[in-house]
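Heads up: the structure comes next, in structure tokens.
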Amino acid sequence: MINKRALATAVAASSLAITGMAQAEVKIGFLGGFTGGIESLTPPIFEGAKLAVQQVNEQGGILDGQTLVMPSGDTTCADASAASNAADRMVNSEQVTAIVGALCTGATIAAANNAAIPGGVVMISPASTAPAVSELDDNDLVFRTVPSDAFQGEILAKLLLDKGIDYVAVTYVNNDYGRGLSDAFSVAFEAGGGEIAENLAHEDNRADYRSELGSLSAGGADTLVVLAYADTSGQTVLRQAYESGMFTQYVGADGMVGDSLVEAIGADVLDGMIATRPGSPDLPGTPIFNEAAETAGFDPSAVFAAQAYDAAFLLALAIEQNGSAEREGLVDALRSVSSAPGEVILPGEWEKAVELIAAGTEINYEGASGAHDFDEYGDVPGVVVEMVIEDGQFTSKGQVDL
């Protein structure tokens with residue numbers, strides 16, 4: 001039987017020789033919220049993905065020495081048209097093999113429905129946590145390296161109840177992310193014996209939320225849960241809540257975990273704020289990634305940075321396993337390299353992986369943010385950690401278990 005990878009590589013090499021192309025590149029796109037609600041969170045996420053690309057190229061490149069490159073596009077996080085246009089450019093102009101991203105759930109859904117799915121392009125989001133991603137009719141093309149908010153919402157509810165916080169007001173940004181997280185949190189919180197005084201949606205990017213805050217505070221809750229974004233509505237809601245003097249305790253989730261939030265409102269104001277975010281388990285890959293990230297000059301603990309690294313590294317492994325930069329066959333290759341059985345590949349072990357793939361040996365990537373054994377929806381189990389603002393910054397208090 002002819003080895004699929006060897007045949008595909010030979011064909012690709014012949015094609016390059018025939019056409020006389022001087023440049024041999026394989027492209028993985030990156031879709032991020034470089035402007036908008038998470039613009040302060042996006043840079044280290046992008047750096048995480050770029051670190052994987054750098055390691056591939058430093059260790060001999062991809063598909064017999066070709067260069068792996070990562071063009072990027074801005075989804076703005078909130079504008080579905082911007083997300084669709086950025087994805088269209090990646091799929092149809094840049095001709096990427098696959099995409100890391102998008103980050104915000106609405107951007108991922110828009111990019112997938114309008115460009116990636118029609119183009120047969122695999123996407124792995126390192127940050128889209130809403131349950132709605134699992135419900136996409138995506139031809140098995142949309143994956144994520146971060147757990148669903150169906151899980152994070154339960155964890156946040158348990159965390160508050162364990163701390164004796166059982167009466168809260170909730171406001172959430174009115175999109176797939178906010179609604180999904182609010183629904184999951186509310187069901188778990190009330191099932192655990194908690195009571196929600198008021199649960200209100202709010203629109204992003206407004207200058208004034210005082211009317212909503214008045215309704216939220218009417219029930220007398222001391223704790224305000226804000227499920228939104230650190231650079232837009234979440235920041236404004238918290239600032240105006242403090243100015244109103246209506247609440248004494250603030251709570252958030254992953255979209256709120258950014259130093260920009262503390263810098264904008266003040267460390268004294270937000271001291272003791274509680275939040276949750278996806279984290280990394282205590283596995284061999286985590287310290288390896290941490291050291292590499294620090295050497296590369298970015299914070300390995302930045303929210304979703306490890307998940308972005310894993311998304312990019314997994315896609316590179318899948319392309320190598322598939323034997324070509326073609327989109328066809330990549331899903332099966334991705335599911336193969338991301339799960340047992342197989343020899344374990346850790347972050348940075350690109351050269352080892354290439355040798356094993358060439359020898360026909362199965363591999364199983366166990367990454368910086370966990371082992372990514374994708375289920376039928378492209379979802380993964382995950383770890384959620386507690387974050388608390390102390391000494392002017394978000395500090396991890398460790399994993400929270402159900």
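Identifiers in the structure tokens: chain A, B, ... in order shown; residue index from 1 per chain; ligand index from 1 in order shown.
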
Long-range neighbours of Ser72 of chain A as a short mmCIF file (atom, residue, chain, number, x, y, z; two decimals) with C-alpha atoms, in the first residue's frame, 10 Å cut-off, only C-alpha atoms, 6 positions minimum in chain:
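Output file part-v6.cif is given in full below:
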```
data_model
loop_
_atom_site.label_atom_id
_atom_site.label_comp_id
_atom_site.auth_asym_id
_atom_site.auth_seq_id
_atom_site.Cartn_x
_atom_site.Cartn_y
_atom_site.Cartn_z
CA ILE A 28 -2.49 28.76 9.47
CA GLY A 29 -4.61 31.86 10.01
CA PHE A 30 -5.31 33.62 13.31
CA LEU A 31 -8.58 35.45 13.99
CA GLY A 32 -8.53 37.65 17.10
CA PHE A 34 -7.34 43.01 18.26
CA PHE A 46 -1.70 35.74 19.66
CA ALA A 86 -11.62 38.60 8.17
CA ALA A 87 -12.43 34.91 7.85
CA ARG A 89 -9.85 36.84 3.57
CA MET A 90 -8.17 33.95 5.38
CA GLU A 94 -4.72 33.91 2.06
CA ILE A 99 -7.51 28.75 11.44
CA VAL A 100 -6.73 29.41 15.09
CA GLY A 101 -9.73 31.35 16.37
#
```

Got a sec to tell me which of segment 90-188 of chain A DSSP assigns to strand (DSSP E or B), as a list in words?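 Matching residues for strand (DSSP E or B) in segment 90-188 of chain A are Ala98, Ile99, Val100, Val122, Met123, Ile124, Ser125, Val142, Phe143, Arg144, Tyr167, Val168, Ala169, Val170, Thr171, Tyr172 and Val173 of chain A.
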
Atom CA of Val388 of chain A to atom CA of Pro347 of chain A, distance in Å rounded to a single decimal: 28.3 Å

May I have all residues of segment 249-386 of chain A that DSSP, computed from the backbone, assigns to helix (DSSP H, G or I), given as number ranges by chain? A: 254-256, 259-265, 267-270, 285-296, 305-322, 330-337, 350-358

Near-segment 247-260 of chain A list (6 Å; only C-alpha atoms; drop same-chain fewer than 4 positions) as a PDB file with C-alpha atoms, in the first residue's frame:
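Result saved to out22.pdb:
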```pdb
ATOM      1  CA  ASP A 222     -24.586  43.053  47.920  1.00  0.00           C
ATOM      2  CA  THR A 223     -22.850  40.981  45.215  1.00  0.00           C
ATOM      3  CA  LEU A 224     -22.902  41.905  41.533  1.00  0.00           C
ATOM      4  CA  VAL A 225     -21.946  39.231  38.979  1.00  0.00           C
ATOM      5  CA  VAL A 226     -20.805  40.813  35.696  1.00  0.00           C
ATOM      6  CA  LEU A 227     -20.486  38.442  32.737  1.00  0.00           C
ATOM      7  CA  ALA A 228     -19.045  40.710  30.054  1.00  0.00           C
ATOM      8  CA  TYR A 229     -15.764  42.090  28.672  1.00  0.00           C
ATOM      9  CA  ALA A 230     -12.925  43.810  30.489  1.00  0.00           C
ATOM     10  CA  ALA A 264      -8.955  51.497  34.484  1.00  0.00           C
ATOM     11  CA  MET A 273     -13.058  40.791  43.198  1.00  0.00           C
ATOM     12  CA  ILE A 274     -13.636  37.101  42.395  1.00  0.00           C
ATOM     13  CA  ALA A 275     -13.562  35.580  38.905  1.00  0.00           C
ATOM     14  CA  THR A 276     -13.107  32.305  37.079  1.00  0.00           C
ATOM     15  CA  ARG A 277     -11.203  31.467  33.918  1.00  0.00           C
TER      16      ARG A 277
END
```

Using only C-alpha atoms, find the one residue out of A:Leu216, A:Ala241, A:Ala78, A:Leu159 that sits nearest to Glu203 of chain A.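 Ranking A:Leu216, A:Ala241, A:Ala78, A:Leu159 by distance to Glu203 of chain A, first place goes to A:Ala78.
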
Would you kindly return, as a PyMOL selection string, each protein, DNA or RNA residue with an atom no farther than 12 Å from any atom of segment 54-62 of chain A, considering only C-alpha atoms and excluding same-chain residues fewer than 3 positions away? chain A and resi 9+24-28+47-51+65-70+289+292-293+296+309+312-325+347-355+357-358

How many Å lie between atom CA of Gly392 of chain A and atom CA of Ile265 of chain A, rounded to one decimal?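 Answer for the atom CA of Gly392 of chain A to atom CA of Ile265 of chain A separation: 10.6 Å.
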
Within 8 Å of Ile165 of chain A, counting only C-alpha atoms, which residues show up once you throw out same-chain ones fewer than 3 positions away? Write them as a PyMOL selection string, please. chain A and resi 160-162+168+194+223

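The coordinates place atom CA of Ala302 of chain A at 19.4 Å from atom CA of Thr76 of chain A.
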
Select, from A:Ile345, A:Val121, A:Ala267, A:Val187, the residue with the minimum atom-to-atom distance to Ala98 of chain A, counting only C-alpha atoms.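 Of A:Ile345, A:Val121, A:Ala267, A:Val187, the one nearest Ala98 of chain A, counting only C-alpha atoms, is A:Val121.
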